[in-house]
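Peer 1: My structure is in model00.cif, and what it holds is mmCIF, C-alpha atoms and all ligand atoms:
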data_run
loop_
_atom_site.label_atom_id
_atom_site.label_comp_id
_atom_site.auth_asym_id
_atom_site.auth_seq_id
_atom_site.Cartn_x
_atom_site.Cartn_y
_atom_site.Cartn_z
CA MET A 1 76.85 118.99 -51.33
CA ARG A 2 77.97 115.38 -51.72
CA VAL A 3 74.71 114.45 -53.40
CA SER A 4 74.88 117.29 -55.90
CA ALA A 5 78.55 116.42 -56.65
CA LYS A 6 77.45 112.88 -57.41
CA ILE A 7 74.71 114.22 -59.64
CA LEU A 8 77.24 116.37 -61.47
CA VAL A 9 79.52 113.36 -62.05
CA LEU A 10 76.51 111.37 -63.25
CA LEU A 11 75.44 114.15 -65.63
CA ALA A 12 78.98 114.50 -66.95
CA THR A 13 79.22 110.73 -67.58
CA LEU A 14 75.83 110.77 -69.29
CA GLY A 15 77.00 113.67 -71.45
CA LEU A 16 80.13 111.77 -72.49
CA LEU A 17 78.06 108.70 -73.31
CA ILE A 18 75.77 110.78 -75.55
CA VAL A 19 78.74 112.43 -77.25
CA SER A 20 80.45 109.08 -77.88
CA ALA A 21 77.21 107.54 -79.13
CA GLU A 22 76.89 110.39 -81.61
CA ALA A 23 80.51 109.97 -82.67
CA GLN A 24 79.89 106.28 -83.36
CA SER A 25 76.59 106.54 -85.19
CA ASN A 26 77.22 106.01 -88.86
CA THR A 27 74.65 105.04 -91.43
CA PRO A 28 76.12 102.33 -93.66
CA PRO A 29 76.32 103.01 -97.41
CA ARG A 30 73.84 101.53 -99.87
CA ALA A 31 75.44 99.66 -102.76
CA ASP A 32 74.05 99.77 -106.28
CA PHE A 33 75.43 99.48 -109.80
CA ARG A 34 74.44 99.35 -113.44
CA PHE A 35 76.17 97.65 -116.32
CA THR A 36 76.18 98.21 -120.07
CA PRO A 37 75.51 96.65 -122.43
CA GLN A 38 72.75 94.49 -120.95
CA ASN A 39 73.43 91.49 -123.20
CA PRO A 40 77.18 91.21 -123.71
CA ASP A 41 78.94 88.39 -125.51
CA THR A 42 82.45 87.12 -124.84
CA ASN A 43 83.95 89.88 -127.02
CA THR A 44 82.14 92.72 -125.28
CA LEU A 45 83.82 95.05 -122.83
CA VAL A 46 81.24 95.50 -120.09
CA LEU A 47 81.15 98.82 -118.25
CA PHE A 48 80.18 98.67 -114.58
CA ASP A 49 79.06 101.89 -112.96
CA ALA A 50 78.42 102.04 -109.21
CA SER A 51 77.89 105.80 -109.04
CA SER A 52 74.28 105.16 -107.98
CA SER A 53 75.67 103.82 -104.65
CA LYS A 54 75.06 106.31 -101.84
CA ASP A 55 76.23 107.05 -98.32
CA PRO A 56 73.65 109.35 -96.66
CA ASP A 57 76.00 110.72 -93.97
CA GLY A 58 79.41 110.51 -95.57
CA SER A 59 81.13 109.36 -98.72
CA ILE A 60 82.07 106.10 -100.37
CA VAL A 61 85.81 105.56 -100.43
CA LYS A 62 86.14 102.01 -101.77
CA TYR A 63 84.45 99.83 -104.38
CA GLU A 64 85.25 96.12 -104.35
CA TRP A 65 84.15 93.90 -107.23
CA ASP A 66 83.79 90.14 -107.44
CA PHE A 67 83.16 89.32 -111.09
CA ASN A 68 82.77 85.55 -110.92
CA GLY A 69 80.56 85.08 -107.87
CA ASP A 70 83.15 83.16 -105.84
CA GLY A 71 83.03 85.64 -102.95
CA LYS A 72 86.61 86.77 -103.53
CA PHE A 73 87.01 90.31 -104.74
CA ASP A 74 88.85 90.58 -108.04
CA GLU A 75 89.26 94.33 -108.16
CA THR A 76 89.40 97.21 -105.65
CA LYS A 77 88.81 100.76 -106.80
CA THR A 78 88.39 104.23 -105.33
CA VAL A 79 86.30 105.35 -108.32
CA PRO A 80 82.84 103.94 -109.07
CA THR A 81 83.47 102.65 -112.60
CA THR A 82 85.34 99.70 -114.00
CA THR A 83 85.32 97.48 -117.08
CA ARG A 84 85.53 93.75 -117.63
CA PHE A 85 85.60 91.09 -120.34
CA PHE A 86 83.97 87.74 -119.68
CA ASP A 87 85.96 84.88 -121.18
CA ARG A 88 83.13 82.37 -120.97
CA ALA A 89 79.42 82.44 -121.61
CA GLY A 90 77.17 82.02 -118.59
CA GLU A 91 75.21 83.77 -115.90
CA TRP A 92 77.86 85.54 -113.89
CA ARG A 93 77.05 86.72 -110.39
CA ILE A 94 78.64 90.10 -109.79
CA ASN A 95 79.11 91.15 -106.16
CA LEU A 96 79.84 94.73 -105.24
CA ARG A 97 80.83 95.89 -101.76
CA VAL A 98 81.15 99.59 -101.03
CA THR A 99 82.86 101.04 -97.96
CA ASP A 100 82.14 104.50 -96.55
CA ASN A 101 84.61 106.96 -95.01
CA ARG A 102 84.03 105.45 -91.57
CA GLY A 103 84.46 101.82 -92.53
CA ALA A 104 80.83 100.71 -92.80
CA THR A 105 79.95 98.56 -95.81
CA GLY A 106 77.01 97.83 -98.07
CA SER A 107 76.70 95.07 -100.67
CA ILE A 108 74.63 94.11 -103.68
CA SER A 109 74.79 91.38 -106.29
CA LYS A 110 73.44 91.18 -109.83
CA ILE A 111 73.58 88.68 -112.65
CA VAL A 112 75.20 89.42 -116.01
CA LYS A 113 74.15 87.00 -118.75
CA VAL A 114 77.01 86.57 -121.19
CA THR A 115 76.50 84.81 -124.51
CA GLU A 116 79.24 83.16 -126.51
CA ALA A 117 80.58 84.92 -129.59
CA PRO A 118 81.26 82.55 -132.57
CA VAL A 119 84.96 83.27 -131.99
CA THR A 120 86.27 84.72 -128.74
CA VAL A 121 89.20 87.02 -129.49
CA ARG A 122 91.77 88.62 -127.17
CA ARG A 123 94.79 90.74 -127.94
CA SER A 124 97.55 91.03 -125.38
CA LEU A 125 100.65 93.18 -125.56
CA ALA A 126 103.89 92.16 -123.88
CA LEU A 127 105.02 95.50 -122.46
CA PRO A 128 107.84 96.24 -120.00
CA PRO A 129 106.76 96.53 -116.32
CA SER A 130 106.80 100.34 -116.66
CA GLY A 131 104.00 100.06 -119.22
CA THR A 132 105.86 102.30 -121.67
CA VAL A 133 108.30 101.59 -124.48
CA ILE A 134 111.06 103.71 -125.96
CA PRO A 135 111.82 104.18 -129.69
CA GLY A 136 113.69 101.19 -131.07
CA GLN A 137 112.08 98.78 -128.64
CA THR A 138 109.98 95.79 -129.67
CA VAL A 139 106.46 95.06 -128.50
CA ARG A 140 105.19 91.52 -128.88
CA VAL A 141 101.53 91.24 -129.89
CA ILE A 142 99.67 88.02 -129.13
CA ILE A 143 96.18 87.40 -130.44
CA VAL A 144 94.33 84.34 -129.24
CA LEU A 145 91.21 83.15 -131.03
CA ARG A 146 89.00 80.56 -129.38
CA ILE A 147 86.57 78.90 -131.77
CA ASN A 148 83.08 78.43 -130.30
CA GLN A 149 81.15 77.54 -133.48
CA THR A 150 82.05 75.83 -136.73
CA ILE A 151 83.73 78.55 -138.77
CA ASN A 152 84.66 78.87 -142.44
CA GLY A 153 86.72 81.57 -144.04
CA LEU A 154 88.26 83.13 -140.97
CA GLY A 155 90.26 86.33 -141.39
CA LEU A 156 92.15 88.64 -139.07
CA ASP A 157 93.32 92.13 -139.99
CA GLU A 158 95.53 94.22 -137.73
CA ASP A 159 96.35 97.89 -138.16
CA PRO A 160 99.39 98.92 -136.15
CA PRO A 161 100.50 102.58 -135.98
CA LYS A 162 101.73 103.83 -139.38
CA GLY A 163 105.42 103.35 -140.09
CA TRP A 164 106.03 100.73 -137.41
CA THR A 165 107.93 97.65 -138.53
CA VAL A 166 106.16 94.30 -138.25
CA LYS A 167 107.90 90.95 -137.86
CA GLU A 168 105.84 87.79 -138.15
CA VAL A 169 106.44 85.31 -135.35
CA GLN A 170 103.58 82.80 -135.53
CA ASN A 171 100.78 82.75 -138.07
CA GLY A 172 98.55 80.07 -136.54
CA GLY A 173 98.29 78.13 -139.79
CA ALA A 174 97.12 81.16 -141.75
CA ILE A 175 98.44 82.76 -144.91
CA LEU A 176 99.78 86.19 -143.99
CA LYS A 177 99.27 89.01 -146.46
CA LYS A 178 102.12 91.10 -145.13
CA SER A 179 101.31 94.36 -146.93
CA GLU A 180 97.92 94.48 -145.19
CA LEU A 181 98.92 92.61 -142.03
CA GLN A 182 96.05 90.28 -142.77
CA TRP A 183 95.83 86.58 -141.90
CA LEU A 184 93.52 84.30 -143.87
CA TRP A 185 92.59 80.74 -142.99
CA THR A 186 91.22 78.46 -145.66
CA GLN A 187 90.44 75.53 -143.37
CA ARG A 188 87.27 74.93 -141.40
CA PHE A 189 87.49 75.29 -137.63
CA SER A 190 85.52 73.35 -135.04
CA PRO A 191 84.35 74.41 -131.59
CA GLY A 192 87.06 74.08 -128.98
CA GLN A 193 89.97 74.92 -131.28
CA THR A 194 92.35 77.68 -130.29
CA ILE A 195 94.55 79.70 -132.65
CA ALA A 196 97.40 81.98 -131.62
CA VAL A 197 98.79 84.67 -133.90
CA ILE A 198 101.96 86.38 -132.72
CA TYR A 199 103.89 89.25 -134.25
CA ASP A 200 106.44 91.82 -133.13
CA LEU A 201 106.11 95.55 -133.56
CA ILE A 202 109.23 97.70 -133.58
CA VAL A 203 108.81 101.29 -132.47
CA PRO A 204 110.53 103.53 -135.09
CA PRO A 205 113.55 105.53 -133.81
CA ASN A 206 111.94 108.93 -134.48
CA THR A 207 108.66 108.19 -132.69
CA PRO A 208 107.49 111.07 -130.48
CA ALA A 209 106.39 110.44 -126.90
CA SER A 210 102.71 109.68 -127.25
CA THR A 211 100.09 106.97 -126.93
CA PHE A 212 99.47 104.83 -130.01
CA SER A 213 96.68 102.42 -130.59
CA LEU A 214 96.22 99.21 -132.51
CA LYS A 215 93.05 98.33 -134.35
CA GLY A 216 92.02 94.90 -135.52
CA LEU A 217 89.11 93.24 -137.24
CA LEU A 218 88.07 89.62 -137.12
CA THR A 219 85.90 88.38 -139.97
CA SER A 220 84.46 85.11 -141.16
CA PHE A 221 82.49 84.02 -144.19
CA SER A 222 80.28 81.48 -142.44
CA PRO A 223 78.80 82.39 -140.06
CA ARG A 224 79.02 85.96 -141.31
CA LEU A 225 81.05 87.83 -138.71
CA ALA A 226 82.86 91.14 -138.35
CA ALA A 227 84.07 91.91 -134.85
CA SER A 228 86.69 94.26 -133.50
CA VAL A 229 89.73 92.66 -131.94
CA VAL A 230 89.42 93.39 -128.24
CA GLY A 231 91.86 93.39 -125.35
CA ASP A 232 95.07 95.41 -125.06
CA SER A 233 95.27 98.11 -127.71
CA GLU A 234 97.37 100.99 -126.37
CA ILE A 235 101.11 101.44 -126.54
CA ARG A 236 102.63 104.38 -124.66
CA VAL A 237 105.93 105.59 -126.03
CA SER A 238 108.25 107.63 -123.81
CA ARG A 239 111.62 109.10 -124.74
CA CA B 1 78.06 106.44 -93.56
CA CA B 2 86.06 86.60 -107.59
CA CA B 3 95.69 95.81 -141.81
#
Show the structure stored in the file as C-alpha cells.
Peer 2:
Amino acid sequence: MRVSAKILVLLATLGLLIVSAEAQSNTPPRADFRFTPQNPDTNTLVLFDASSSKDPDGSIVKYEWDFNGDGKFDETKTVPTTTRFFDRAGEWRINLRVTDNRGATGSISKIVKVTEAPVTVRRSLALPPSGTVIPGQTVRVIIVLRINQTINGLGLDEDPPKGWTVKEVQNGGAILKKSELQWLWTQRFSPGQTIAVIYDLIVPPNTPASTFSLKGLLTSFSPRLAASVVGDSEIRVSR
C-alpha cells in the first residue's frame, strides 16, 4: 500500500510537471518587414509594413521600431504598419522587434538606403495639444527648406483650405506673391543653407467640424525640381 501511494504521488507530480511544461512552451514570433519605396530620398515618406511577421502558436501584440540603428526603439505600435521620413541621406539600419501574446520576442534588421533630395523640405503645424482647432483660432505653419545642392530659381507654393485667412510671418528672403501664396527666391543657394518660411492660418468662423488639408509644391529652375511639400498637412477643426 505504501509503495503504491508513493507511486501515485510520483505519477501526480510527473503529471503536473508535464502540464506546466505544456503551459510554458511558447514558440517565439518571427519578425519580418517590407518597406516602400525601395529607394527613398529625404522627401519621401517611407511605409514600413511588418504584417509578414508571424507567430505560429499565438499572435503578435507589439511592434517596436528603431529607425536609426542605435538600438533604442523610436516607436512602439500594436499595428504592423508605420511611416517615417529620413532627414539625412545614408544607409539606415532599421531594427524591428515583435512580441507575441505570451511575451516572447523575435527581431530582424534591414538597411534602407536614403538619397539626398536637392532640397529637403518639411512642413510643421503648431497645433494645440488636443490636435484640433476651433473656428477663429490661428494655426502657425512652419516650412523649413534645407539646401543640399546649388539651387537657382527656388519657388514654394502653398495651398491652404479655401477661404482661410493667411498672415505672413517670415518669408525667408523670398518675394511673396500673396494672391497665390507663392514665395519666389531670386538668389542662388548653396549646400548647407537653411530657409524658414512661416505664416499663420486663421480658421474662418463658419468652418464646419472636419479635417482640412494643406498642399504645397516646391520647385526650382536649376536643377529642375518639382516636389510636394511633405510633413504635417492635416488640420482637424472641431466646434
Ligand atoms: Ca508564440
Ligand atoms: Ca533609435
Ligand atoms: Ca498657392
Peer 1: Around ligand CA 3 (chain B), at most 7 Å away and counting all atoms listed in the file, which residues are there? Put them as a PyMOL selection string, please.
Peer 2: chain A and resi 157-159+180-182
Peer 1: Go ahead and save the residues from that selection, with C-alpha atoms, as a compact mmCIF listing (two decimals), keeping the file's coordinate frame.
Peer 2:
# COMPACT_ATOMS: atom_id res chain seq x y z
CA ASP A 157 93.32 92.13 -139.99
CA GLU A 158 95.53 94.22 -137.73
CA ASP A 159 96.35 97.89 -138.16
CA GLU A 180 97.92 94.48 -145.19
CA LEU A 181 98.92 92.61 -142.03
CA GLN A 182 96.05 90.28 -142.77
Peer 1: Any chance you could tabulate, as CSV, the residues of chain A at most 7 Å from ligand CA 1 (chain B) with each one's nearest atom pair and distance in Å to one decimal, using all atoms listed in the file, in chain and rising number order?
Peer 2:
residue,atom,partner,partner_atom,distance
A:Asn26,CA,B:CA1,CA,4.8
A:Thr27,CA,B:CA1,CA,4.3
A:Pro28,CA,B:CA1,CA,4.5
A:Pro29,CA,B:CA1,CA,5.4
A:Asp55,CA,B:CA1,CA,5.1
A:Pro56,CA,B:CA1,CA,6.1
A:Asp57,CA,B:CA1,CA,4.8
A:Gly58,CA,B:CA1,CA,4.7
A:Ser59,CA,B:CA1,CA,6.7
A:Asp100,CA,B:CA1,CA,5.4
A:Asn101,CA,B:CA1,CA,6.7
A:Arg102,CA,B:CA1,CA,6.4
A:Ala104,CA,B:CA1,CA,6.4
Peer 1: Take the residues from that selection and write them out as a PDB file, in the coordinates of the input, keeping C-alpha atoms.
Peer 2:
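Written file, again-v1.pdb:
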ATOM      1  CA  ASN A  26      77.220 106.010 -88.860  1.00  0.00           C
ATOM      2  CA  THR A  27      74.650 105.040 -91.430  1.00  0.00           C
ATOM      3  CA  PRO A  28      76.120 102.330 -93.660  1.00  0.00           C
ATOM      4  CA  PRO A  29      76.320 103.010 -97.410  1.00  0.00           C
ATOM      5  CA  ASP A  55      76.230 107.050 -98.320  1.00  0.00           C
ATOM      6  CA  PRO A  56      73.650 109.350 -96.660  1.00  0.00           C
ATOM      7  CA  ASP A  57      76.000 110.720 -93.970  1.00  0.00           C
ATOM      8  CA  GLY A  58      79.410 110.510 -95.570  1.00  0.00           C
ATOM      9  CA  SER A  59      81.130 109.360 -98.720  1.00  0.00           C
ATOM     10  CA  ASP A 100      82.140 104.500 -96.550  1.00  0.00           C
ATOM     11  CA  ASN A 101      84.610 106.960 -95.010  1.00  0.00           C
ATOM     12  CA  ARG A 102      84.030 105.450 -91.570  1.00  0.00           C
ATOM     13  CA  ALA A 104      80.830 100.710 -92.800  1.00  0.00           C
TER      14      ALA A 104
END
Peer 1: Please, which residues have at least one atom within 7 Å of an atom of ligand CA 2 (chain B), using all atoms listed in the file, listed as a PyMOL selection string?
Peer 2: chain A and resi 66-74
Peer 1: Just C-alpha atoms for this one: save the residues we selected as an mmCIF file, in the frame of the given file.
Peer 2:
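See selection_39.cif below for the written result:
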data_model
loop_
_atom_site.group_PDB
_atom_site.id
_atom_site.type_symbol
_atom_site.label_atom_id
_atom_site.label_comp_id
_atom_site.auth_asym_id
_atom_site.auth_seq_id
_atom_site.Cartn_x
_atom_site.Cartn_y
_atom_site.Cartn_z
ATOM 1 C CA ASP A 66 83.790 90.140 -107.440
ATOM 2 C CA PHE A 67 83.160 89.320 -111.090
ATOM 3 C CA ASN A 68 82.770 85.550 -110.920
ATOM 4 C CA GLY A 69 80.560 85.080 -107.870
ATOM 5 C CA ASP A 70 83.150 83.160 -105.840
ATOM 6 C CA GLY A 71 83.030 85.640 -102.950
ATOM 7 C CA LYS A 72 86.610 86.770 -103.530
ATOM 8 C CA PHE A 73 87.010 90.310 -104.740
ATOM 9 C CA ASP A 74 88.850 90.580 -108.040
#
Peer 1: In Å, rounded to a single decimal, give me how far CA of Leu145 in chain A is from CA of Leu176 in chain A.
Peer 2: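 Separation of CA of Leu176 in chain A and CA of Leu145 in chain A: 15.8 Å.
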Peer 1: Rounded to one decimal, what separation in Å do you get between CA of Thr138 in chain A and CA of Gly231 in chain A?
Peer 2: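 According to the coordinates, CA of Thr138 in chain A and CA of Gly231 in chain A are separated by 18.8 Å.
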Peer 1: Could you please determine the separation between CA of Thr44 in chain A and CA of Asn171 in chain A in Å, to one decimal place?
Peer 2: 24.7 Å
Peer 1: Can you tell me, as JSON, numbers by chain, what residues are no more than 10 Å from Ile202 in chain A when counting only C-alpha atoms, ignoring any on the same chain fewer than 4 positions away?
Peer 2: {"A": [133, 134, 135, 136, 137, 138, 139, 140, 163, 164, 165, 166, 167]}
Peer 1: Compare A:Ser220, A:Thr82, A:Ser130, A:Thr99 by their minimum atom-to-atom distance to Trp185 in chain A, counting all atoms listed in the file, and give me the closest one.
Peer 2: A:Ser220
Peer 1: Using only C-alpha atoms, find the one residue out of A:Ala50, A:Val203, A:Val119, A:Val98 that sits nearest to Ile235 in chain A.
Peer 2: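 Selected residue with least distance to Ile235 in chain A: A:Val203.
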Peer 1: Which residue out of A:Gln187, A:Ser109, A:Thr78, A:Thr211 has the minimum interatomic distance to Ile94 in chain A when all atoms listed in the file are used?
Peer 2: A:Ser109
Peer 1: Using only C-alpha atoms for the distances, tell me which of A:Asp32, A:Glu91, A:Asp232, A:Asp200 is nearest to Glu64 in chain A.
Peer 2: A:Asp32
Peer 1: Name the closest residue to Thr105 in chain A among the candidates A:Arg84, A:Lys162, A:Lys178, A:Arg30; distances are taken between atoms, counting all atoms listed in the file.
Peer 2: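 Nearest to Thr105 in chain A: A:Arg30.
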Peer 1: Just checking: using only C-alpha atoms, which residue out of A:Ser124, A:Thr150, A:Asn39, A:Thr219 ends up closest to Tyr199 in chain A?
Peer 2: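 Residue with the minimum atom-to-atom distance to Tyr199 in chain A: A:Ser124.
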